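Structure file start-v4.pdb with PDB, C-alpha atoms and all ligand atoms:
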```pdb
ATOM      1  CA  MET A  24       0.000   0.000   0.000  1.00  0.00           C
ATOM      2  CA  LEU A  25       1.225   3.466  -0.939  1.00  0.00           C
ATOM      3  CA  ALA A  26       1.027   6.507   1.361  1.00  0.00           C
ATOM      4  CA  ILE A  27       1.433  10.179   0.587  1.00  0.00           C
ATOM      5  CA  ILE A  28       2.637  12.424   3.399  1.00  0.00           C
ATOM      6  CA  GLY A  29       1.533  15.970   2.663  1.00  0.00           C
ATOM      7  CA  GLY A  30       3.342  18.978   4.029  1.00  0.00           C
ATOM      8  CA  THR A  31       2.822  22.714   3.979  1.00  0.00           C
ATOM      9  CA  GLY A  32       0.356  23.549   1.211  1.00  0.00           C
ATOM     10  CA  LEU A  33      -0.886  19.998   1.028  1.00  0.00           C
ATOM     11  CA  SER A  34      -2.840  19.518   4.252  1.00  0.00           C
ATOM     12  CA  GLU A  35      -5.822  18.460   2.200  1.00  0.00           C
ATOM     13  CA  LEU A  36      -5.778  16.666  -1.094  1.00  0.00           C
ATOM     14  CA  GLN A  37      -8.095  18.258  -3.598  1.00  0.00           C
ATOM     15  CA  GLY A  38      -9.557  16.426  -6.557  1.00  0.00           C
ATOM     16  CA  PHE A  39      -9.428  13.009  -4.898  1.00  0.00           C
ATOM     17  CA  GLU A  40     -12.214  10.960  -3.362  1.00  0.00           C
ATOM     18  CA  GLN A  41     -12.120  10.613   0.447  1.00  0.00           C
ATOM     19  CA  LEU A  42     -13.115   6.999   1.121  1.00  0.00           C
ATOM     20  CA  GLU A  43     -12.640   6.824   4.879  1.00  0.00           C
ATOM     21  CA  LYS A  44     -11.202   8.843   7.751  1.00  0.00           C
ATOM     22  CA  LEU A  45      -8.944   6.790  10.002  1.00  0.00           C
ATOM     23  CA  ALA A  46      -7.630   7.394  13.532  1.00  0.00           C
ATOM     24  CA  ILE A  47      -4.810   5.099  14.625  1.00  0.00           C
ATOM     25  CA  LYS A  48      -3.573   4.713  18.192  1.00  0.00           C
ATOM     26  CA  THR A  49       0.152   4.074  18.563  1.00  0.00           C
ATOM     27  CA  PRO A  50       2.406   3.596  21.617  1.00  0.00           C
ATOM     28  CA  TYR A  51       4.196   6.845  20.713  1.00  0.00           C
ATOM     29  CA  ALA A  52       1.470   9.437  21.283  1.00  0.00           C
ATOM     30  CA  ARG A  53      -1.568   9.994  23.459  1.00  0.00           C
ATOM     31  CA  ALA A  54      -3.480  11.415  20.492  1.00  0.00           C
ATOM     32  CA  LYS A  55      -4.470   9.163  17.623  1.00  0.00           C
ATOM     33  CA  VAL A  56      -2.875   9.754  14.225  1.00  0.00           C
ATOM     34  CA  ARG A  57      -5.514  10.962  11.777  1.00  0.00           C
ATOM     35  CA  LEU A  58      -5.227   9.778   8.211  1.00  0.00           C
ATOM     36  CA  VAL A  59      -7.481   9.439   5.196  1.00  0.00           C
ATOM     37  CA  ARG A  60      -8.036   6.558   2.801  1.00  0.00           C
ATOM     38  CA  ILE A  61      -8.202   8.159  -0.649  1.00  0.00           C
ATOM     39  CA  GLY A  62      -9.540   6.866  -3.947  1.00  0.00           C
ATOM     40  CA  SER A  63      -8.075   7.846  -7.302  1.00  0.00           C
ATOM     41  CA  GLY A  64      -9.590   6.062 -10.302  1.00  0.00           C
ATOM     42  CA  ASN A  65      -9.650   2.387  -9.367  1.00  0.00           C
ATOM     43  CA  LYS A  66      -6.640   2.762  -7.038  1.00  0.00           C
ATOM     44  CA  GLU A  67      -6.376   3.839  -3.439  1.00  0.00           C
ATOM     45  CA  PHE A  68      -3.755   5.178  -1.088  1.00  0.00           C
ATOM     46  CA  ILE A  69      -3.364   6.557   2.435  1.00  0.00           C
ATOM     47  CA  PHE A  70      -2.947  10.294   2.936  1.00  0.00           C
ATOM     48  CA  LEU A  71      -1.315  11.688   6.056  1.00  0.00           C
ATOM     49  CA  PRO A  72      -1.191  15.467   6.575  1.00  0.00           C
ATOM     50  CA  ARG A  73       2.119  15.782   8.424  1.00  0.00           C
ATOM     51  CA  HIS A  74       1.158  18.980  10.256  1.00  0.00           C
ATOM     52  CA  GLY A  75      -2.262  17.629  11.276  1.00  0.00           C
ATOM     53  CA  ALA A  76      -5.611  18.603   9.818  1.00  0.00           C
ATOM     54  CA  GLY A  77      -5.655  22.384   9.461  1.00  0.00           C
ATOM     55  CA  HIS A  78      -1.832  22.629   9.658  1.00  0.00           C
ATOM     56  CA  LYS A  79      -1.599  23.153  13.438  1.00  0.00           C
ATOM     57  CA  ILE A  80       1.561  21.212  14.350  1.00  0.00           C
ATOM     58  CA  PRO A  81       4.922  22.972  13.731  1.00  0.00           C
ATOM     59  CA  PRO A  82       7.824  20.923  12.277  1.00  0.00           C
ATOM     60  CA  HIS A  83       9.677  20.496  15.590  1.00  0.00           C
ATOM     61  CA  GLU A  84       6.552  19.216  17.363  1.00  0.00           C
ATOM     62  CA  ILE A  85       5.381  16.687  14.810  1.00  0.00           C
ATOM     63  CA  ASN A  86       5.276  13.204  16.319  1.00  0.00           C
ATOM     64  CA  TYR A  87       7.208  11.536  13.499  1.00  0.00           C
ATOM     65  CA  ARG A  88       7.316   8.183  15.283  1.00  0.00           C
ATOM     66  CA  ALA A  89       3.539   8.056  15.746  1.00  0.00           C
ATOM     67  CA  ASN A  90       3.000   9.047  12.098  1.00  0.00           C
ATOM     68  CA  ILE A  91       5.317   6.390  10.670  1.00  0.00           C
ATOM     69  CA  ALA A  92       4.126   3.716  13.145  1.00  0.00           C
ATOM     70  CA  ALA A  93       0.500   4.399  12.126  1.00  0.00           C
ATOM     71  CA  LEU A  94       1.372   4.029   8.438  1.00  0.00           C
ATOM     72  CA  SER A  95       3.220   0.791   9.159  1.00  0.00           C
ATOM     73  CA  ASP A  96       0.225  -0.548  11.130  1.00  0.00           C
ATOM     74  CA  LEU A  97      -1.986   0.133   8.094  1.00  0.00           C
ATOM     75  CA  GLY A  98       0.289  -2.000   5.923  1.00  0.00           C
ATOM     76  CA  VAL A  99       1.992   0.870   4.100  1.00  0.00           C
ATOM     77  CA  THR A 100       5.113  -0.305   2.268  1.00  0.00           C
ATOM     78  CA  ALA A 101       5.965   2.826   0.247  1.00  0.00           C
ATOM     79  CA  ILE A 102       5.835   6.533   1.068  1.00  0.00           C
ATOM     80  CA  VAL A 103       6.016   9.554  -1.191  1.00  0.00           C
ATOM     81  CA  ALA A 104       6.657  12.545   1.076  1.00  0.00           C
ATOM     82  CA  VAL A 105       5.914  16.038  -0.170  1.00  0.00           C
ATOM     83  CA  ASN A 106       8.186  18.719   1.307  1.00  0.00           C
ATOM     84  CA  ALA A 107       8.157  22.478   0.787  1.00  0.00           C
ATOM     85  CA  VAL A 108      11.767  23.691   0.804  1.00  0.00           C
ATOM     86  CA  GLY A 109      13.930  26.768   0.452  1.00  0.00           C
ATOM     87  CA  ALA A 110      16.295  26.714  -2.526  1.00  0.00           C
ATOM     88  CA  ILE A 111      20.067  26.803  -2.022  1.00  0.00           C
ATOM     89  CA  HIS A 112      21.167  25.470  -5.438  1.00  0.00           C
ATOM     90  CA  GLY A 113      21.118  28.321  -7.971  1.00  0.00           C
ATOM     91  CA  ASP A 114      19.146  26.305 -10.556  1.00  0.00           C
ATOM     92  CA  PHE A 115      16.395  25.320  -8.131  1.00  0.00           C
ATOM     93  CA  LEU A 116      14.066  28.222  -8.892  1.00  0.00           C
ATOM     94  CA  PRO A 117      11.029  28.725  -6.661  1.00  0.00           C
ATOM     95  CA  GLY A 118       8.121  26.891  -8.278  1.00  0.00           C
ATOM     96  CA  SER A 119      10.295  24.003  -9.495  1.00  0.00           C
ATOM     97  CA  VAL A 120      10.600  20.578  -7.871  1.00  0.00           C
ATOM     98  CA  ALA A 121      13.433  18.237  -6.867  1.00  0.00           C
ATOM     99  CA  VAL A 122      13.683  14.578  -5.946  1.00  0.00           C
ATOM    100  CA  PRO A 123      16.563  14.531  -3.431  1.00  0.00           C
ATOM    101  CA  ASP A 124      18.941  11.578  -3.262  1.00  0.00           C
ATOM    102  CA  GLN A 125      20.868  12.598  -0.140  1.00  0.00           C
ATOM    103  CA  LEU A 126      20.267  14.467   3.080  1.00  0.00           C
ATOM    104  CA  ILE A 127      22.054  16.022   6.026  1.00  0.00           C
ATOM    105  CA  ASP A 128      20.202  16.228   9.323  1.00  0.00           C
ATOM    106  CA  TYR A 129      20.738  19.417  11.355  1.00  0.00           C
ATOM    107  CA  SER A 130      17.612  18.960  13.484  1.00  0.00           C
ATOM    108  CA  TYR A 131      17.783  18.127  17.195  1.00  0.00           C
ATOM    109  CA  SER A 132      15.612  17.245  20.192  1.00  0.00           C
ATOM    110  CA  ARG A 133      13.316  15.026  18.155  1.00  0.00           C
ATOM    111  CA  ASP A 134      12.444  11.400  18.904  1.00  0.00           C
ATOM    112  CA  VAL A 135      14.562   9.904  16.163  1.00  0.00           C
ATOM    113  CA  SER A 136      14.283   6.132  16.560  1.00  0.00           C
ATOM    114  CA  PHE A 137      11.966   3.211  17.254  1.00  0.00           C
ATOM    115  CA  PHE A 138      15.060   1.283  18.386  1.00  0.00           C
ATOM    116  CA  ASP A 139      15.413   3.081  21.708  1.00  0.00           C
ATOM    117  CA  GLY A 140      15.912   0.012  23.890  1.00  0.00           C
ATOM    118  CA  LYS A 141      12.368   0.300  25.288  1.00  0.00           C
ATOM    119  CA  LEU A 142       9.716  -0.997  22.888  1.00  0.00           C
ATOM    120  CA  LYS A 143      12.363  -2.220  20.443  1.00  0.00           C
ATOM    121  CA  ALA A 144      15.940  -3.407  21.042  1.00  0.00           C
ATOM    122  CA  VAL A 145      18.841  -1.148  20.050  1.00  0.00           C
ATOM    123  CA  HIS A 146      19.631  -1.459  16.346  1.00  0.00           C
ATOM    124  CA  HIS A 147      21.544   0.580  13.739  1.00  0.00           C
ATOM    125  CA  ILE A 148      20.068   0.804  10.233  1.00  0.00           C
ATOM    126  CA  ASP A 149      22.134   1.330   7.076  1.00  0.00           C
ATOM    127  CA  PHE A 150      21.324   4.851   5.889  1.00  0.00           C
ATOM    128  CA  THR A 151      24.054   5.333   3.261  1.00  0.00           C
ATOM    129  CA  ASN A 152      21.380   6.108   0.703  1.00  0.00           C
ATOM    130  CA  PRO A 153      18.559   7.644   2.719  1.00  0.00           C
ATOM    131  CA  TYR A 154      15.956   7.607  -0.052  1.00  0.00           C
ATOM    132  CA  SER A 155      14.528   4.577  -1.862  1.00  0.00           C
ATOM    133  CA  GLU A 156      15.867   4.569  -5.428  1.00  0.00           C
ATOM    134  CA  PRO A 157      12.811   2.697  -6.855  1.00  0.00           C
ATOM    135  CA  ILE A 158      10.430   5.289  -5.331  1.00  0.00           C
ATOM    136  CA  ARG A 159      12.649   8.147  -6.521  1.00  0.00           C
ATOM    137  CA  GLN A 160      12.444   6.737 -10.037  1.00  0.00           C
ATOM    138  CA  ARG A 161       8.671   6.371  -9.792  1.00  0.00           C
ATOM    139  CA  ILE A 162       8.382  10.030  -8.805  1.00  0.00           C
ATOM    140  CA  LEU A 163      10.717  11.127 -11.606  1.00  0.00           C
ATOM    141  CA  GLU A 164       8.836   9.083 -14.215  1.00  0.00           C
ATOM    142  CA  ALA A 165       5.553  10.595 -13.017  1.00  0.00           C
ATOM    143  CA  THR A 166       6.948  14.141 -13.341  1.00  0.00           C
ATOM    144  CA  GLU A 167       7.949  13.348 -16.939  1.00  0.00           C
ATOM    145  CA  VAL A 168       4.477  12.021 -17.778  1.00  0.00           C
ATOM    146  CA  VAL A 169       2.769  15.058 -16.234  1.00  0.00           C
ATOM    147  CA  ASN A 170       5.139  17.443 -18.005  1.00  0.00           C
ATOM    148  CA  SER A 171       4.538  15.713 -21.355  1.00  0.00           C
ATOM    149  CA  HIS A 172       0.732  15.595 -20.993  1.00  0.00           C
ATOM    150  CA  SER A 173       0.044  19.032 -19.612  1.00  0.00           C
ATOM    151  CA  LYS A 174       1.011  22.618 -20.167  1.00  0.00           C
ATOM    152  CA  MET A 175       2.316  22.980 -16.619  1.00  0.00           C
ATOM    153  CA  GLY A 176       5.957  22.546 -17.654  1.00  0.00           C
ATOM    154  CA  CYS A 177       7.549  22.295 -14.235  1.00  0.00           C
ATOM    155  CA  GLU A 178      11.368  22.158 -13.986  1.00  0.00           C
ATOM    156  CA  VAL A 179      12.567  19.001 -12.211  1.00  0.00           C
ATOM    157  CA  MET A 180      15.924  18.550 -10.471  1.00  0.00           C
ATOM    158  CA  ALA A 181      16.522  14.779 -10.491  1.00  0.00           C
ATOM    159  CA  SER A 182      18.812  14.672  -7.451  1.00  0.00           C
ATOM    160  CA  GLY A 183      20.115  16.868  -4.673  1.00  0.00           C
ATOM    161  CA  THR A 184      20.973  17.042  -0.999  1.00  0.00           C
ATOM    162  CA  TYR A 185      18.233  18.005   1.446  1.00  0.00           C
ATOM    163  CA  ALA A 186      19.213  19.826   4.640  1.00  0.00           C
ATOM    164  CA  CYS A 187      16.817  19.340   7.547  1.00  0.00           C
ATOM    165  CA  THR A 188      16.907  22.244   9.998  1.00  0.00           C
ATOM    166  CA  GLN A 189      15.121  22.425  13.321  1.00  0.00           C
ATOM    167  CA  GLY A 190      12.828  25.382  12.716  1.00  0.00           C
ATOM    168  CA  PRO A 191      10.301  26.737  13.147  1.00  0.00           C
ATOM    169  CA  ARG A 192      12.301  29.874  12.394  1.00  0.00           C
ATOM    170  CA  LEU A 193      13.914  30.242   8.998  1.00  0.00           C
ATOM    171  CA  GLU A 194      17.723  30.201   8.790  1.00  0.00           C
ATOM    172  CA  THR A 195      20.257  33.033   8.994  1.00  0.00           C
ATOM    173  CA  ALA A 196      22.225  33.919   5.856  1.00  0.00           C
ATOM    174  CA  ALA A 197      25.376  32.492   7.502  1.00  0.00           C
ATOM    175  CA  GLU A 198      23.600  29.219   8.251  1.00  0.00           C
ATOM    176  CA  ILE A 199      22.592  28.924   4.585  1.00  0.00           C
ATOM    177  CA  ARG A 200      26.186  29.712   3.476  1.00  0.00           C
ATOM    178  CA  ARG A 201      27.307  26.870   5.754  1.00  0.00           C
ATOM    179  CA  LEU A 202      24.706  24.478   4.309  1.00  0.00           C
ATOM    180  CA  ALA A 203      25.864  25.434   0.803  1.00  0.00           C
ATOM    181  CA  ARG A 204      29.487  24.676   1.803  1.00  0.00           C
ATOM    182  CA  ASP A 205      28.268  21.341   3.171  1.00  0.00           C
ATOM    183  CA  GLY A 206      26.874  20.547  -0.288  1.00  0.00           C
ATOM    184  CA  CYS A 207      23.177  21.058   0.464  1.00  0.00           C
ATOM    185  CA  ASP A 208      20.883  22.064  -2.407  1.00  0.00           C
ATOM    186  CA  MET A 209      17.668  22.689  -0.493  1.00  0.00           C
ATOM    187  CA  VAL A 210      16.535  23.246   3.075  1.00  0.00           C
ATOM    188  CA  GLY A 211      13.404  22.169   4.899  1.00  0.00           C
ATOM    189  CA  MET A 212      12.323  21.322   8.426  1.00  0.00           C
ATOM    190  CA  THR A 213      10.418  18.054   8.119  1.00  0.00           C
ATOM    191  CA  GLY A 214      12.540  15.573   6.147  1.00  0.00           C
ATOM    192  CA  MET A 215      14.043  14.055   9.285  1.00  0.00           C
ATOM    193  CA  PRO A 216      13.592  11.894  11.253  1.00  0.00           C
ATOM    194  CA  GLU A 217      10.713  10.943   8.931  1.00  0.00           C
ATOM    195  CA  ALA A 218      13.020   9.317   6.356  1.00  0.00           C
ATOM    196  CA  SER A 219      15.083   7.312   8.861  1.00  0.00           C
ATOM    197  CA  LEU A 220      12.028   6.174  10.852  1.00  0.00           C
ATOM    198  CA  ALA A 221      10.522   4.839   7.618  1.00  0.00           C
ATOM    199  CA  ARG A 222      13.787   2.984   6.927  1.00  0.00           C
ATOM    200  CA  GLU A 223      13.717   1.539  10.459  1.00  0.00           C
ATOM    201  CA  LEU A 224      10.311  -0.006   9.707  1.00  0.00           C
ATOM    202  CA  GLU A 225      11.469  -1.113   6.231  1.00  0.00           C
ATOM    203  CA  ILE A 226       9.108   1.242   4.389  1.00  0.00           C
ATOM    204  CA  GLU A 227      10.412   2.511   1.033  1.00  0.00           C
ATOM    205  CA  TYR A 228      10.551   6.313   1.251  1.00  0.00           C
ATOM    206  CA  ALA A 229      11.363   9.176  -1.097  1.00  0.00           C
ATOM    207  CA  SER A 230      10.574  12.883  -1.240  1.00  0.00           C
ATOM    208  CA  LEU A 231       9.112  15.247  -3.797  1.00  0.00           C
ATOM    209  CA  ALA A 232      10.451  18.652  -2.766  1.00  0.00           C
ATOM    210  CA  LEU A 233       8.831  21.860  -3.990  1.00  0.00           C
ATOM    211  CA  SER A 234      11.018  24.959  -3.962  1.00  0.00           C
ATOM    212  CA  VAL A 235       8.916  27.740  -2.431  1.00  0.00           C
ATOM    213  CA  ASN A 236      11.535  30.450  -1.757  1.00  0.00           C
ATOM    214  CA  TRP A 237      15.196  31.299  -2.116  1.00  0.00           C
ATOM    215  CA  ALA A 238      16.846  30.295   1.169  1.00  0.00           C
ATOM    216  CA  ALA A 239      17.991  33.112   3.479  1.00  0.00           C
ATOM    217  CA  GLY A 240      20.598  35.375   1.880  1.00  0.00           C
ATOM    218  CA  MET A 241      20.237  33.761  -1.569  1.00  0.00           C
ATOM    219  CA  SER A 242      18.276  36.743  -2.869  1.00  0.00           C
ATOM    220  CA  ASP A 243      17.978  40.385  -1.819  1.00  0.00           C
ATOM    221  CA  ALA A 244      14.241  40.077  -1.214  1.00  0.00           C
ATOM    222  CA  ALA A 245      12.939  39.321   2.279  1.00  0.00           C
ATOM    223  CA  ILE A 246      11.321  35.896   2.698  1.00  0.00           C
ATOM    224  CA  THR A 247       7.612  36.448   3.317  1.00  0.00           C
ATOM    225  CA  LEU A 248       4.927  33.893   4.049  1.00  0.00           C
ATOM    226  CA  GLU A 249       2.703  35.623   1.478  1.00  0.00           C
ATOM    227  CA  ASP A 250       5.248  34.970  -1.279  1.00  0.00           C
ATOM    228  CA  ILE A 251       5.747  31.373  -0.076  1.00  0.00           C
ATOM    229  CA  HIS A 252       2.010  30.689  -0.124  1.00  0.00           C
ATOM    230  CA  GLU A 253       1.679  32.107  -3.605  1.00  0.00           C
ATOM    231  CA  VAL A 254       4.396  29.789  -4.953  1.00  0.00           C
ATOM    232  CA  LEU A 255       2.903  26.887  -2.988  1.00  0.00           C
ATOM    233  CA  GLU A 256      -0.508  27.321  -4.531  1.00  0.00           C
ATOM    234  CA  GLY A 257       0.914  27.268  -8.042  1.00  0.00           C
ATOM    235  CA  GLY A 258       3.260  24.334  -7.364  1.00  0.00           C
ATOM    236  CA  MET A 259       0.718  22.139  -5.641  1.00  0.00           C
ATOM    237  CA  GLU A 260      -1.243  21.790  -8.878  1.00  0.00           C
ATOM    238  CA  PHE A 261       1.790  20.061 -10.404  1.00  0.00           C
ATOM    239  CA  VAL A 262       2.434  18.053  -7.226  1.00  0.00           C
ATOM    240  CA  SER A 263      -1.194  16.804  -7.179  1.00  0.00           C
ATOM    241  CA  ALA A 264      -0.934  15.781 -10.835  1.00  0.00           C
ATOM    242  CA  VAL A 265       2.299  13.901 -10.064  1.00  0.00           C
ATOM    243  CA  ILE A 266       0.636  12.118  -7.132  1.00  0.00           C
ATOM    244  CA  THR A 267      -2.282  11.113  -9.351  1.00  0.00           C
ATOM    245  CA  GLU A 268       0.151   9.692 -11.903  1.00  0.00           C
ATOM    246  CA  ILE A 269       2.164   7.796  -9.247  1.00  0.00           C
ATOM    247  CA  VAL A 270      -1.035   6.285  -7.833  1.00  0.00           C
ATOM    248  CA  GLN A 271      -2.235   5.233 -11.276  1.00  0.00           C
ATOM    249  CA  GLN A 272       1.090   3.444 -11.927  1.00  0.00           C
ATOM    250  CA  SER A 273       0.999   1.678  -8.525  1.00  0.00           C
TER     251      SER A 273
HETATM  252  N1  LIG A 301      14.088  27.037   5.231  1.00  0.00           N
HETATM  253  C1  LIG A 301      13.625  25.978   5.920  1.00  0.00           C
HETATM  254  N2  LIG A 301      12.487  25.374   5.627  1.00  0.00           N
HETATM  255  C2  LIG A 301      11.758  25.845   4.609  1.00  0.00           C
HETATM  256  C3  LIG A 301      12.176  26.956   3.858  1.00  0.00           C
HETATM  257  C4  LIG A 301      13.402  27.603   4.188  1.00  0.00           C
HETATM  258  O1  LIG A 301      13.838  28.580   3.568  1.00  0.00           O
HETATM  259  N3  LIG A 301      11.218  27.174   2.910  1.00  0.00           N
HETATM  260  C5  LIG A 301      10.266  26.220   3.099  1.00  0.00           C
HETATM  261  N4  LIG A 301      10.590  25.407   4.117  1.00  0.00           N
END
```

Target format structure tokens, applied to this file:
Amino acid sequence: MLAIIGGTGLSELQGFEQLEKLAIKTPYARAKVRLVRIGSGNKEFIFLPRHGAGHKIPPHEINYRANIAALSDLGVTAIVAVNAVGAIHGDFLPGSVAVPDQLIDYSYSRDVSFFDGKLKAVHHIDFTNPYSEPIRQRILEATEVVNSHSKMGCEVMASGTYACTQGPRLETAAEIRRLARDGCDMVGMTGMPEASLARELEIEYASLALSVNWAAGMSDAAITLEDIHEVLEGGMEFVSAVITEIVQQS
């Protein structure tokens, strides 16, 4: 079963049929994880709004363990995560998308593992390649189909390194210069520990990242939420079309 994790701008999936609302209890949170079973043509998938319904949970307070455990309990074996990001790479213009193949985790104070010696014994996963290559390819193929069938014409960066910062504040210009020196191409706040928790439960995971602003100091303009939301609205049309295509091929 495929799951889509929606981020900022994708708290609700439009144009799909809601089949069932689900609430899953996990050992990792008092509150149940709320998800939706979605129909698309004759296929179905699970949708999880990462920030909760109505986008109320900030990146550093998301219960990533509960989210991934709930998806695992539902029998999810593959995840396409949608992440809004700031662009560091000069070619990654706001409004375009990337499918990262590497990441660096700068976040802290998050519950990062199921293997904490309590509910599960201590274990160290291989995370050399943090994203599933088969899922990455599925996303990339879907972007090609959507670009060839529609007039949307969205630029796609086929690889790149995702930096996960703690948030919720945006970065300083010096922090972004450091991330650039580290080889990061984009920056977001929600990519980790989501990706590694999925790997711990042997769920294939990859990300479709939408560039919504130039990262701090990359342009002279101030970063405003108004500008970000405008880019998000435009980009989510392409992202929804890509999701539809991925689901149809599943
Ligand atoms: N930094 C961190 N996270 C983000 C950004 C950014 O510039 N844009 C969207 N998510």

Set out as a tab-separated table a contact list for chain A and ligand LIG 301 (chain A) with a cut-off of 9 Å, giving each residue of chain A that qualifies its closest atom pair and distance in Å to one decimal, counting only C-alpha atoms and all ligand atoms, ordered by chain and rising residue number.
```
residue	atom	partner	partner_atom	distance
A:Thr31	CA	A:LIG301	N4	8.2
A:Asn106	CA	A:LIG301	N4	7.6
A:Ala107	CA	A:LIG301	C5	4.9
A:Val108	CA	A:LIG301	C5	3.7
A:Gly109	CA	A:LIG301	O1	3.6
A:Ala110	CA	A:LIG301	O1	6.8
A:Ile111	CA	A:LIG301	O1	8.6
A:Ala186	CA	A:LIG301	C1	8.4
A:Cys187	CA	A:LIG301	C1	7.5
A:Thr188	CA	A:LIG301	C1	6.4
A:Gln189	CA	A:LIG301	C1	8.3
A:Gly190	CA	A:LIG301	C1	6.9
A:Pro191	CA	A:LIG301	N2	7.9
A:Arg192	CA	A:LIG301	C1	7.7
A:Leu193	CA	A:LIG301	N1	4.9
A:Glu194	CA	A:LIG301	N1	6.0
A:Ile199	CA	A:LIG301	N1	8.7
A:Met209	CA	A:LIG301	C4	8.0
A:Val210	CA	A:LIG301	C1	4.9
A:Gly211	CA	A:LIG301	N2	3.4
A:Met212	CA	A:LIG301	N2	4.9
A:Thr213	CA	A:LIG301	N2	8.0
A:Leu233	CA	A:LIG301	C5	8.4
A:Ser234	CA	A:LIG301	C5	7.2
A:Val235	CA	A:LIG301	N3	5.8
A:Asn236	CA	A:LIG301	N3	5.7
A:Trp237	CA	A:LIG301	O1	6.4
A:Ala238	CA	A:LIG301	O1	4.2
A:Ala239	CA	A:LIG301	O1	6.1
A:Ile246	CA	A:LIG301	O1	7.8
A:Ile251	CA	A:LIG301	N3	7.5
```

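Counting from CA of Asn86 (chain A), the distance to CA of Ala52 (chain A) is 7.3 Å.
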
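From CA of Val122 (chain A) back to CA of Leu45 (chain A), the distance works out to 28.8 Å.
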
Please build the interface table for region 173-224 of chain A against region 133-141 of chain A with a cut-off of 9 Å, listing for each qualifying residue the nearest atom pair and the distance in Å to one decimal; count all atoms listed in the file, order rows by chain and increasing number, and write it as a Markdown table.
```
| residue | atom | partner | partner_atom | distance |
| --- | --- | --- | --- | --- |
| A:Met215 | CA | A:Val135 | CA | 8.1 |
| A:Pro216 | CA | A:Val135 | CA | 5.4 |
| A:Glu217 | CA | A:Val135 | CA | 8.3 |
| A:Ser219 | CA | A:Val135 | CA | 7.8 |
| A:Leu220 | CA | A:Ser136 | CA | 6.1 |
| A:Glu223 | CA | A:Phe137 | CA | 7.2 |
| A:Leu224 | CA | A:Phe137 | CA | 8.4 |
```

>> Using the chain letters and numbers from this file, what does the PyMOL selection byres (((chain A and resi 255-264) around 9) and not hetatm) select? Give the answer as number ranges by chain.
In response: A: 31-33, 36-38, 105, 107, 117-120, 165-166, 169-170, 175-177, 231, 233-235, 250-254, 265-269

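Compared by their closest atoms to Lys66 (chain A), and using only C-alpha atoms, the residues A:Ala203, A:Leu42, A:Leu116, A:Leu163 rank with A:Leu42 nearest.
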
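Interatomic distance, CA of Ala101 (chain A) to CA of Ile158 (chain A): 7.6 Å.
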